[in-house]
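Enquirer: My questions all concern the structure below.
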Amino acid sequence: MAKILLVEDEEIMIELLQKKLTQEGYEVLVARDGEEGLRLMKETWPNLVLLDIVLPKMSGFDVLNEINKNLSLKKIPVIIISNSGQPVELKKALRLGVKDWLIKTEFEPQMLLEKIAKQIGK
Amino acid sequence: MRSEKNIGKIEEITLSESHTKDLFNFLPLPVFLVSSTEKILEANPEFCKITNYTHEEVAGKNANIFFDEKRLKNILEEVLEKSFVQGKKTNIVTKEKEKIPISVSAKLIRDKENTASGYLMILFDLSNIQKTEEEIKNTRLALLNMLEDTEKEKGRAEEEKNKTLAIIKNFTDGLLVFDKENRLSLISPQARDFLGIEEKEVLGKHTSELVNVPILKALVNLFGEEIRKVFREEISLKEGNLVLEITTAPFLQGKDKLGSLIIIHNITREKLIERMKTEFVSLSAHQLRTPLAAIKWTLKLFLEGDLGQITKEQREFLEKTYKSNERMISLINDLLNVTRIEEGKYIYQSLFYDMSEIVQSVIDLFKEEIKIKNIKIELKTPGELPKILMDQEKIKLVIENFLDNAIKYTFPRGKVTVYIIRGTNEIEVRVQDTGVGIPKDQQSRVFTRFFRGSNVLRMDTEGSGLGLFLAKNIIEAHGGKIGFDSESGKGSTFYFTLPLKTTRIK
């Protein structure tokens, strides 16, 4: 069973994504801030990370910077799920090796599933 | 007191001795003898010279033809009284009636009986002296004038200096002036204020010394010890709490450098505002979109049955709610785009694209709606087109906007035609519809923010009124033109152009 680490601080989004992804047959781990996200990544080695940008303690960008310092962690695909999508942010994330970027309001659950499948297969 | 009998005696006394005669003849001053009846008895060659008469012409003449009669009388009376006078100024009249200024010294001549028998008169030509005097006077006047001019110049220079100083002191930018040896010769109060330094710490110091003043290190390093030309370069001091924009300009006289001016523009506040603006956009994006995203995803899970079975009625309501939420999301997206446009950050990725492909891809987005409304859509292209520089996403947004409006406001079974026209210097895209058109009285406001046609408002309440405002900004940032022709009830044609050759997109 593919393991997905969800790094997100908004409770309702966590619940919704957890529900959808579990139904699809993924194992979902949740981190509620950047620091916890990074720790869980090192501890559980998920198949994929869904990472928010605006997070407590460490922002999504801080997490990406840390991931980039570790060659093994770098191999885990990361998809950004954010409310913002300013071009500067997007460019910066792509430079940091992010695989995909999703603006929450512009995507539907089904599309997210497709993006995940594209990265790790079903 | 004058008597004729005395004349003979004078002749005897004065002219009998030869050395007296010699003296008389060679004296370089006009000298003559006058009888008490004012007849000239004798005159020396110098006298003849000044008056221009010959010796023969002078002898026996009445003295008053040479002088002003009254003045002569005057002088002689005084001589009679005092025995002699000196330095009496008058004029002597020459044969040509020319008056020459002279000074007269005269002595009374007495005979043995001590009776006044005549006058010895010595003249002194003043014309040269007077000329010299005049020259001196003129020179003095000239000198005075020169002095006055210099004073005036000095005053003017002083005034200029004061003006310059006033400008420097009151200039909102800080100014530093360096002399040609690159020594600091002036620091304006603003510059002192920005940098927090005292005049005495830095004045007169060479750039190589100023590098050692902590606050000036970055500044001097920017333009170097030799003060190279710098135009609006930024330096950040005090850990970003002081951001300065530096410009240097040499003072030149011909090719010689007389010094340098350093202009320090404080942009700390502008930088702060810029950062606050970006942060505000980020924050608004986050804060406004977060709840909407949650609503969207929840509704979607309901609608997709992930949260259990729902009735048909429940589904209908949820679908309507979902649509309302989508409208809210697009309204917020537009608002954020507007904010970003005003930040000047909107156009960010420009590459060469084929306009036909772009237009076709946008038309494809509307397939569903066209089918539902039974509208015919046609694309007319002139065949091969050169690729043009554009921000693809933004141009798509413009075409999407045009098409969205055209389809939305065209009645079922209507027609929308898209033309791509190649001009000499630009490519034009026209979207023509057979829709409701825009009322004449409202046409001037079409591209303003939040504009919505009154006839359109009755048709539907969707739309933010920002689409065309955004379109105008995007096209203008590309160096293109945007416009429309419209007639109420018959339809509208919206068009824009993009230049074929663009060097830079704002």
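By order of appearance in the structure tokens: chains A, B, ..., then residues from 1 within every chain, and ligands from 1 in the order shown.
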Write down as a compact mmCIF listing (two decimals) with N, CA and C atoms, in the first residue's frame the residues of stretch 40-112 of chain A whose backbone DSSP state falls under strand (DSSP E or B).

Expert:
```txt
# COMPACT_ATOMS: atom_id res chain seq x y z
N LEU A 48 5.04 9.46 -1.28
CA LEU A 48 4.77 10.79 -1.85
C LEU A 48 4.41 11.77 -0.73
N VAL A 49 4.74 13.04 -0.95
CA VAL A 49 4.40 14.05 0.06
C VAL A 49 3.48 15.10 -0.57
N LEU A 50 2.39 15.37 0.13
CA LEU A 50 1.53 16.51 -0.26
C LEU A 50 1.87 17.62 0.72
N LEU A 51 2.39 18.71 0.21
CA LEU A 51 2.94 19.74 1.09
C LEU A 51 2.26 21.09 0.89
N VAL A 78 7.35 15.31 -4.37
CA VAL A 78 6.56 16.26 -3.57
C VAL A 78 5.57 16.99 -4.48
N ILE A 79 4.31 17.03 -4.07
CA ILE A 79 3.32 17.84 -4.77
C ILE A 79 2.88 18.94 -3.80
N ILE A 80 2.93 20.17 -4.29
CA ILE A 80 2.51 21.28 -3.43
C ILE A 80 1.00 21.45 -3.52
N ILE A 81 0.35 21.57 -2.38
CA ILE A 81 -1.06 21.96 -2.38
C ILE A 81 -1.14 23.27 -1.60
N SER A 82 -1.46 24.33 -2.33
CA SER A 82 -1.43 25.64 -1.67
C SER A 82 -2.63 26.47 -2.09
N ASP A 100 4.86 18.84 -8.78
CA ASP A 100 3.61 19.43 -9.27
C ASP A 100 3.11 20.47 -8.28
N TRP A 101 2.23 21.32 -8.75
CA TRP A 101 1.71 22.38 -7.89
C TRP A 101 0.19 22.45 -8.06
N LEU A 102 -0.49 22.44 -6.98
CA LEU A 102 -1.96 22.50 -7.03
C LEU A 102 -2.46 23.69 -6.25
N ILE A 103 -3.34 24.47 -6.87
CA ILE A 103 -3.99 25.53 -6.10
C ILE A 103 -5.33 24.95 -5.65
```

Enquirer: Please identify every residue of chain A that has at least one atom no more than 6 Å from any atom of chain B, counting only C-alpha atoms, and report them as a list in words.

Expert: Met13, Asn83, Ser84, Lys104 and Thr105 of chain A

Enquirer: Give me the residues near A:Ala2 as a PyMOL selection string, where near means some atom within 12 Å (using only C-alpha atoms) and where sequence neighbours in that chain fewer than 3 positions away do not count.

Expert: chain A and resi 5+21-22+24-29+44-49+116-117+119-122

Enquirer: Looking at B:Lys415, B:Lys88, B:Lys152, B:Arg232, which one is nearest to B:Asp433, with distances taken over only C-alpha atoms?

Expert: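 Looking only at the distances to B:Asp433, the closest residue turns out to be B:Lys415.
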
Enquirer: Quick one: residues within 8 Å of stretch 59-70 of chain A, only C-alpha atoms counted, chain neighbours fewer than 5 positions away excluded, as a list in words?

Expert: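 Here the answer would be Asp33, Gly34, Glu35, Gly37, Leu38, Leu51, Asp52, Ile53, Val54, Ala93 and Leu96 of chain A.
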
Enquirer: Keeping N, CA and C atoms, export the residues of the selection given above as a PDB file, in the first residue's frame.

Expert:
```pdb
ATOM      1  N   ASP A  33       2.458  20.542  10.959  1.00  0.00           N
ATOM      2  CA  ASP A  33       3.354  21.680  10.729  1.00  0.00           C
ATOM      3  C   ASP A  33       4.576  21.206   9.961  1.00  0.00           C
ATOM      4  N   GLY A  34       5.382  22.124   9.512  1.00  0.00           N
ATOM      5  CA  GLY A  34       6.526  21.784   8.667  1.00  0.00           C
ATOM      6  C   GLY A  34       7.561  20.915   9.378  1.00  0.00           C
ATOM      7  N   GLU A  35       7.784  21.241  10.637  1.00  0.00           N
ATOM      8  CA  GLU A  35       8.786  20.510  11.404  1.00  0.00           C
ATOM      9  C   GLU A  35       8.404  19.036  11.535  1.00  0.00           C
ATOM     10  N   GLY A  37       6.351  17.483   9.648  1.00  0.00           N
ATOM     11  CA  GLY A  37       6.373  16.911   8.298  1.00  0.00           C
ATOM     12  C   GLY A  37       7.752  16.374   7.962  1.00  0.00           C
ATOM     13  N   LEU A  38       8.765  17.163   8.235  1.00  0.00           N
ATOM     14  CA  LEU A  38      10.129  16.771   7.922  1.00  0.00           C
ATOM     15  C   LEU A  38      10.538  15.543   8.753  1.00  0.00           C
ATOM     16  N   LEU A  51       2.391  18.708   0.205  1.00  0.00           N
ATOM     17  CA  LEU A  51       2.942  19.736   1.095  1.00  0.00           C
ATOM     18  C   LEU A  51       2.265  21.091   0.891  1.00  0.00           C
ATOM     19  N   ASP A  52       1.786  21.627   1.991  1.00  0.00           N
ATOM     20  CA  ASP A  52       1.224  22.988   1.954  1.00  0.00           C
ATOM     21  C   ASP A  52       2.390  23.976   2.072  1.00  0.00           C
ATOM     22  N   ILE A  53       2.146  25.233   1.708  1.00  0.00           N
ATOM     23  CA  ILE A  53       3.235  26.211   1.802  1.00  0.00           C
ATOM     24  C   ILE A  53       3.156  27.001   3.110  1.00  0.00           C
ATOM     25  N   VAL A  54       1.968  27.525   3.390  1.00  0.00           N
ATOM     26  CA  VAL A  54       1.830  28.311   4.625  1.00  0.00           C
ATOM     27  C   VAL A  54       1.560  27.338   5.772  1.00  0.00           C
ATOM     28  N   ALA A  93       9.491  26.986  -6.195  1.00  0.00           N
ATOM     29  CA  ALA A  93       9.209  25.603  -5.841  1.00  0.00           C
ATOM     30  C   ALA A  93       9.778  24.647  -6.886  1.00  0.00           C
ATOM     31  N   LEU A  96      13.252  23.981  -6.547  1.00  0.00           N
ATOM     32  CA  LEU A  96      13.555  23.120  -5.405  1.00  0.00           C
ATOM     33  C   LEU A  96      13.138  21.674  -5.662  1.00  0.00           C
TER      34      LEU A  96
END
```

Enquirer: If we count only C-alpha atoms and set the cut-off at 8 Å, which residues sit around A:Asp9, ignoring sequence neighbours fewer than 2 positions away in its own chain? Please answer as a PyMOL selection string.

Expert: chain A and resi 7+11+14+31-33+52+55-56

Enquirer: Which one of A:Arg39, A:Lys20, A:Glu8, A:Met1 sits closest to A:Glu108 if you count only C-alpha atoms?

Expert: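 For A:Glu108, the nearest of the given residues is A:Lys20.
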
Enquirer: Would you pick out the contacts of B:Lys89 at 9 Å or less, using only C-alpha atoms, so that residues sharing its chain but fewer than 3 positions from it are not included, and give the list as a compact mmCIF listing (two decimals) with C-alpha atoms, in the first residue's frame?

Expert:
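Output (around.txt):
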```txt
# COMPACT_ATOMS: atom_id res chain seq x y z
CA PRO B 101 44.75 126.39 -19.37
CA ILE B 102 47.60 127.99 -17.56
CA SER B 103 48.64 129.03 -14.16
CA VAL B 104 50.04 132.54 -13.75
CA LEU B 126 48.44 123.34 -17.44
```

Enquirer: Excluding stretch 471-475 of chain B and residues on its chain fewer than 6 positions from it, collect all residues at most 9 Å away from it, counting only C-alpha atoms, and give them as a list in words.

Expert: Ile341, Tyr346, Ile347, Asp391, Lys394, Ile395, Leu397, Val398, Ile399, Asn401, Phe402, Phe447, Thr448, Lys481, Ile482, Gly483, Phe496, Thr497 and Leu498 of chain B

Enquirer: Keeping only N, CA, C and O atoms, write the selected residues to a file as an mmCIF file, in the first residue's frame.

Expert:
```
data_model
loop_
_atom_site.group_PDB
_atom_site.id
_atom_site.type_symbol
_atom_site.label_atom_id
_atom_site.label_comp_id
_atom_site.auth_asym_id
_atom_site.auth_seq_id
_atom_site.Cartn_x
_atom_site.Cartn_y
_atom_site.Cartn_z
ATOM 1 N N ILE B 341 -1.606 42.963 -10.955
ATOM 2 C CA ILE B 341 -1.364 43.828 -12.110
ATOM 3 C C ILE B 341 -0.862 45.175 -11.627
ATOM 4 O O ILE B 341 0.096 45.735 -12.131
ATOM 5 N N TYR B 346 2.552 41.231 -13.134
ATOM 6 C CA TYR B 346 1.624 40.317 -13.770
ATOM 7 C C TYR B 346 2.251 39.522 -14.911
ATOM 8 O O TYR B 346 2.120 38.316 -14.994
ATOM 9 N N ILE B 347 2.917 40.233 -15.815
ATOM 10 C CA ILE B 347 3.516 39.547 -16.953
ATOM 11 C C ILE B 347 4.875 39.017 -16.507
ATOM 12 O O ILE B 347 5.732 39.776 -16.088
ATOM 13 N N ASP B 391 3.115 36.516 -23.159
ATOM 14 C CA ASP B 391 2.917 35.700 -21.983
ATOM 15 C C ASP B 391 1.682 34.869 -22.297
ATOM 16 O O ASP B 391 0.558 35.353 -22.235
ATOM 17 N N LYS B 394 -1.455 34.776 -20.057
ATOM 18 C CA LYS B 394 -2.217 36.018 -19.955
ATOM 19 C C LYS B 394 -2.992 36.313 -21.234
ATOM 20 O O LYS B 394 -4.114 36.802 -21.187
ATOM 21 N N ILE B 395 -2.362 35.993 -22.379
ATOM 22 C CA ILE B 395 -3.057 36.223 -23.646
ATOM 23 C C ILE B 395 -4.257 35.275 -23.755
ATOM 24 O O ILE B 395 -5.336 35.662 -24.189
ATOM 25 N N LEU B 397 -5.939 34.315 -21.298
ATOM 26 C CA LEU B 397 -6.939 34.905 -20.398
ATOM 27 C C LEU B 397 -7.752 35.973 -21.130
ATOM 28 O O LEU B 397 -8.975 36.079 -20.957
ATOM 29 N N VAL B 398 -7.068 36.755 -21.960
ATOM 30 C CA VAL B 398 -7.754 37.814 -22.720
ATOM 31 C C VAL B 398 -8.736 37.203 -23.717
ATOM 32 O O VAL B 398 -9.900 37.605 -23.790
ATOM 33 N N ILE B 399 -8.256 36.209 -24.490
ATOM 34 C CA ILE B 399 -9.118 35.584 -25.499
ATOM 35 C C ILE B 399 -10.290 34.878 -24.815
ATOM 36 O O ILE B 399 -11.436 34.964 -25.268
ATOM 37 N N ASN B 401 -11.652 35.683 -22.106
ATOM 38 C CA ASN B 401 -12.567 36.727 -21.695
ATOM 39 C C ASN B 401 -13.461 37.187 -22.827
ATOM 40 O O ASN B 401 -14.676 37.326 -22.669
ATOM 41 N N PHE B 402 -12.830 37.452 -23.970
ATOM 42 C CA PHE B 402 -13.584 37.891 -25.152
ATOM 43 C C PHE B 402 -14.617 36.828 -25.535
ATOM 44 O O PHE B 402 -15.789 37.127 -25.759
ATOM 45 N N PHE B 447 -13.806 49.328 -20.319
ATOM 46 C CA PHE B 447 -12.553 48.771 -19.798
ATOM 47 C C PHE B 447 -12.238 49.209 -18.371
ATOM 48 O O PHE B 447 -11.154 48.962 -17.878
ATOM 49 N N THR B 448 -13.179 49.856 -17.727
ATOM 50 C CA THR B 448 -12.909 50.259 -16.349
ATOM 51 C C THR B 448 -13.276 49.112 -15.403
ATOM 52 O O THR B 448 -14.054 48.224 -15.749
ATOM 53 N N LYS B 481 -2.767 47.011 -28.610
ATOM 54 C CA LYS B 481 -3.943 47.880 -28.476
ATOM 55 C C LYS B 481 -5.176 47.016 -28.272
ATOM 56 O O LYS B 481 -5.258 45.897 -28.774
ATOM 57 N N ILE B 482 -6.156 47.575 -27.572
ATOM 58 C CA ILE B 482 -7.389 46.840 -27.340
ATOM 59 C C ILE B 482 -8.560 47.772 -27.625
ATOM 60 O O ILE B 482 -8.457 48.978 -27.405
ATOM 61 N N GLY B 483 -9.651 47.205 -28.147
ATOM 62 C CA GLY B 483 -10.802 48.055 -28.425
ATOM 63 C C GLY B 483 -12.010 47.231 -28.833
ATOM 64 O O GLY B 483 -11.973 45.997 -28.794
ATOM 65 N N PHE B 496 -7.942 42.909 -30.230
ATOM 66 C CA PHE B 496 -6.676 43.388 -29.665
ATOM 67 C C PHE B 496 -5.573 43.121 -30.664
ATOM 68 O O PHE B 496 -5.721 42.294 -31.570
ATOM 69 N N THR B 497 -4.484 43.852 -30.533
ATOM 70 C CA THR B 497 -3.336 43.622 -31.403
ATOM 71 C C THR B 497 -2.116 43.342 -30.530
ATOM 72 O O THR B 497 -2.034 43.804 -29.400
ATOM 73 N N LEU B 498 -1.216 42.573 -31.081
ATOM 74 C CA LEU B 498 0.079 42.372 -30.431
ATOM 75 C C LEU B 498 1.157 42.713 -31.446
ATOM 76 O O LEU B 498 1.072 42.290 -32.601
#
```

Enquirer: Which of stretch 238-441 of chain B end up as alpha helix (DSSP H) when DSSP is run on this backbone - answer as a ChimeraX atom specification?

Expert: /B:268-303,312-342,355-365,367-373,392-408
